[in-house]
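So the structure is just underneath, and the comments pick up after that.
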Amino acid sequence: TVGATINLMMASCMAEGDTILENAAKEPHIVDVANFLNSMGANIKGAGTDVIRIKGVKRLHGCTYSIIPDQIEAGTFMMAAAATHGDVVIQDIIPKHMESISAKLIEMGCRIEEGDDSLRVIAEGCTLRSTNVKTLPYPGFPTDMQPQISVVLALAEGSSMVTESIFENRFKYVDELGRMG
C-alpha cells in the first residue's frame, strides 16, 4: 500500500543497515517522498519500481522542497467537471499522472485537452456513456478515485461495472448514494 510504503521508507532511512522493500507501491507521490527524504540526506533508490533499496543514515538535515501536485485532488475536479457537464481547466498538475483518469473520462464521452501543466475537461453538451472501471495499482485507475467516478457513472447512460481490486470496503458509500436516488 502507499501508506505502508511511505511509512517503511521513513522508518528505514535512519535504521541501521540496508532495508529492501519488495512489492512496493509505485505511485508518483512515493517517488516524491523518496526524493524529499533523499534531499534531506537519506539514501533511497528504486522508488517508483517494485523494489526500493534503502541504506540507513545516521541523521537527516533540513531542506527546501516543493511537493508534486495531488493526483486525487485534480482527479476529483475532473470528475466534478464531468458530473456537472462543465468545462474546467485544472492547472499546476502533472498530466502524465492523470492518464488513467483522463482515459476513462474520454471513454465516457468527455473531451480532454492536455497542456504542459494543465488539463481541460470539457463535458458541456456531451452525453455521458457507461464504461467499466477496475481499480489497480499505479499506473492503473486509482482506488481513491473509485467513489468519484462511480458518482459520474450513476449519471451516465447505460450500465457500468466498477471492480475494486485494492480495498474491499471502498463501496461503503454506495448505500448513501442510493438514499439520494
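Letters A, B, ... mark the chains of the C-alpha cells in the order given; residue numbers begin at 1 per chain; ligand numbers begin at 1, in order shown.
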What's around Met78 of chain A at 10 Å? Count only C-alpha atoms, leave out sequence neighbours fewer than 5 positions away in its own chain, and write the answer as a PDB file with C-alpha atoms, in the first residue's frame.
```
ATOM      1  CA  ILE A  72      -6.611  12.642  -6.317  1.00  0.00           C
ATOM      2  CA  GLU A  73      -7.468  16.306  -5.800  1.00  0.00           C
ATOM      3  CA  ALA A  83     -20.772  15.258 -13.438  1.00  0.00           C
ATOM      4  CA  GLY A  86     -18.856  21.630 -17.168  1.00  0.00           C
ATOM      5  CA  ASP A  87     -15.756  22.976 -18.827  1.00  0.00           C
ATOM      6  CA  VAL A  88     -12.917  23.120 -16.293  1.00  0.00           C
ATOM      7  CA  VAL A  89      -9.183  23.817 -16.538  1.00  0.00           C
ATOM      8  CA  ILE A  90      -7.077  22.254 -13.808  1.00  0.00           C
ATOM      9  CA  MET A  98      -3.699  11.732 -14.657  1.00  0.00           C
ATOM     10  CA  ILE A 101      -8.437   9.094 -15.127  1.00  0.00           C
ATOM     11  CA  SER A 102      -8.347  11.003 -18.413  1.00  0.00           C
ATOM     12  CA  LEU A 105     -13.427  10.270 -18.981  1.00  0.00           C
ATOM     13  CA  ILE A 112      -9.628  16.280 -22.563  1.00  0.00           C
ATOM     14  CA  LEU A 119      -5.760  19.573 -18.224  1.00  0.00           C
ATOM     15  CA  ARG A 120      -9.027  20.896 -19.563  1.00  0.00           C
ATOM     16  CA  VAL A 121     -12.063  18.665 -19.108  1.00  0.00           C
ATOM     17  CA  ILE A 122     -14.883  19.542 -21.481  1.00  0.00           C
ATOM     18  CA  ALA A 123     -18.179  17.832 -20.750  1.00  0.00           C
ATOM     19  CA  GLN A 148     -15.870   9.898  -7.630  1.00  0.00           C
ATOM     20  CA  ILE A 149     -16.105   8.011 -10.921  1.00  0.00           C
TER      21      ILE A 149
END
```
Would you please extract all strand (DSSP E) residues from chain A, as assigned by DSSP on the backbone, and give them as a short mmCIF file (atom, residue, chain, number, x, y, z; two decimals) with N, CA, C and O atoms, in the first residue's frame?
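Generated output (states-v5.cif):
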```cif
data_model
loop_
_atom_site.label_atom_id
_atom_site.label_comp_id
_atom_site.auth_asym_id
_atom_site.auth_seq_id
_atom_site.Cartn_x
_atom_site.Cartn_y
_atom_site.Cartn_z
N ASP A 18 20.83 -2.05 5.74
CA ASP A 18 20.08 -1.92 4.49
C ASP A 18 18.68 -2.50 4.65
O ASP A 18 18.49 -3.51 5.34
N THR A 19 17.73 -1.85 4.02
CA THR A 19 16.35 -2.33 4.00
C THR A 19 15.94 -2.48 2.55
O THR A 19 16.21 -1.60 1.72
N ILE A 20 15.27 -3.57 2.23
CA ILE A 20 14.74 -3.79 0.88
C ILE A 20 13.24 -3.95 0.99
O ILE A 20 12.75 -4.83 1.71
N LEU A 21 12.50 -3.09 0.30
CA LEU A 21 11.04 -3.19 0.24
C LEU A 21 10.68 -3.83 -1.08
O LEU A 21 10.95 -3.28 -2.15
N GLU A 22 10.06 -4.99 -1.03
CA GLU A 22 9.62 -5.68 -2.24
C GLU A 22 8.12 -5.50 -2.39
O GLU A 22 7.40 -5.39 -1.41
N ASN A 43 19.22 7.79 1.77
CA ASN A 43 19.81 7.06 0.65
C ASN A 43 18.79 6.03 0.17
O ASN A 43 18.83 4.87 0.59
N ILE A 44 17.85 6.48 -0.65
CA ILE A 44 16.75 5.64 -1.13
C ILE A 44 16.87 5.52 -2.64
O ILE A 44 16.96 6.52 -3.35
N LYS A 45 16.85 4.28 -3.13
CA LYS A 45 16.93 4.03 -4.57
C LYS A 45 15.80 3.09 -4.98
O LYS A 45 15.40 2.22 -4.22
N VAL A 51 10.82 -2.66 -6.27
CA VAL A 51 11.81 -2.88 -5.22
C VAL A 51 12.49 -1.56 -4.88
O VAL A 51 13.07 -0.90 -5.74
N ILE A 52 12.40 -1.19 -3.60
CA ILE A 52 13.04 0.02 -3.10
C ILE A 52 14.15 -0.41 -2.15
O ILE A 52 13.92 -1.20 -1.23
N ARG A 53 15.36 0.13 -2.36
CA ARG A 53 16.51 -0.19 -1.53
C ARG A 53 16.88 1.05 -0.71
O ARG A 53 17.05 2.13 -1.28
N ILE A 54 17.01 0.85 0.58
CA ILE A 54 17.29 1.96 1.49
C ILE A 54 18.50 1.62 2.34
O ILE A 54 18.53 0.57 2.99
N LYS A 55 19.50 2.49 2.31
CA LYS A 55 20.66 2.36 3.19
C LYS A 55 20.45 3.36 4.33
O LYS A 55 20.28 4.55 4.08
N ASP A 87 -16.96 22.74 -18.04
CA ASP A 87 -15.76 22.98 -18.83
C ASP A 87 -14.75 23.56 -17.84
O ASP A 87 -14.86 24.73 -17.46
N VAL A 88 -13.80 22.74 -17.39
CA VAL A 88 -12.92 23.12 -16.29
C VAL A 88 -11.46 22.93 -16.71
O VAL A 88 -11.10 21.92 -17.29
N VAL A 89 -10.63 23.92 -16.36
CA VAL A 89 -9.18 23.82 -16.54
C VAL A 89 -8.57 23.60 -15.16
O VAL A 89 -8.82 24.38 -14.24
N ILE A 90 -7.78 22.55 -15.05
CA ILE A 90 -7.08 22.25 -13.81
C ILE A 90 -5.60 22.55 -14.07
O ILE A 90 -4.99 21.92 -14.93
N GLN A 91 -5.06 23.51 -13.36
CA GLN A 91 -3.69 23.97 -13.60
C GLN A 91 -2.73 23.49 -12.53
O GLN A 91 -3.14 23.05 -11.46
N ARG A 111 -14.22 15.43 -23.47
CA ARG A 111 -13.01 15.80 -24.20
C ARG A 111 -11.97 16.26 -23.19
O ARG A 111 -12.30 16.93 -22.22
N ILE A 112 -10.74 15.88 -23.43
CA ILE A 112 -9.63 16.28 -22.56
C ILE A 112 -8.60 16.99 -23.44
O ILE A 112 -8.16 16.45 -24.45
N GLU A 113 -8.23 18.20 -23.04
CA GLU A 113 -7.16 18.93 -23.70
C GLU A 113 -6.00 19.03 -22.71
O GLU A 113 -6.17 19.54 -21.61
N GLU A 114 -4.84 18.54 -23.13
CA GLU A 114 -3.68 18.50 -22.25
C GLU A 114 -2.72 19.62 -22.55
O GLU A 114 -2.36 19.85 -23.70
N SER A 118 -1.32 21.39 -17.27
CA SER A 118 -2.76 21.57 -17.07
C SER A 118 -3.54 20.55 -17.88
O SER A 118 -3.03 19.94 -18.81
N LEU A 119 -4.79 20.37 -17.47
CA LEU A 119 -5.76 19.57 -18.22
C LEU A 119 -7.05 20.36 -18.28
O LEU A 119 -7.44 21.00 -17.30
N ARG A 120 -7.70 20.31 -19.42
CA ARG A 120 -9.03 20.90 -19.56
C ARG A 120 -10.00 19.75 -19.80
O ARG A 120 -9.82 18.95 -20.71
N VAL A 121 -11.01 19.68 -18.96
CA VAL A 121 -12.06 18.67 -19.11
C VAL A 121 -13.29 19.37 -19.65
O VAL A 121 -13.82 20.29 -19.02
N ILE A 122 -13.73 18.93 -20.84
CA ILE A 122 -14.88 19.54 -21.48
C ILE A 122 -15.99 18.49 -21.54
O ILE A 122 -15.88 17.50 -22.25
N VAL A 133 -14.85 0.07 -14.94
CA VAL A 133 -13.67 0.57 -14.25
C VAL A 133 -13.18 -0.52 -13.30
O VAL A 133 -13.98 -1.11 -12.56
N LYS A 134 -11.89 -0.76 -13.32
CA LYS A 134 -11.26 -1.66 -12.35
C LYS A 134 -10.11 -0.90 -11.72
O LYS A 134 -9.24 -0.39 -12.41
N VAL A 162 -18.09 -1.37 -11.78
CA VAL A 162 -16.91 -0.89 -11.07
C VAL A 162 -16.38 -2.05 -10.25
O VAL A 162 -17.10 -2.60 -9.41
N THR A 163 -15.13 -2.42 -10.50
CA THR A 163 -14.49 -3.51 -9.78
C THR A 163 -13.38 -2.94 -8.91
O THR A 163 -12.48 -2.26 -9.42
#
```
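Shortest atom-to-atom contact with Met79 of chain A among A:Thr64, A:Ser150, A:Asn132, A:Asn38: A:Ser150, counting only C-alpha atoms.
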Quick one: residues within 12 Å of Gly41 of chain A, only C-alpha atoms counted, chain neighbours fewer than 3 positions away excluded, as a PyMOL selection string? chain A and resi 10+13-14+34-38+44+54-63
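Shortest atom-to-atom contact with Thr84 of chain A among A:Ala15, A:Leu128, A:Val2, A:Glu157: A:Leu128, counting only C-alpha atoms.
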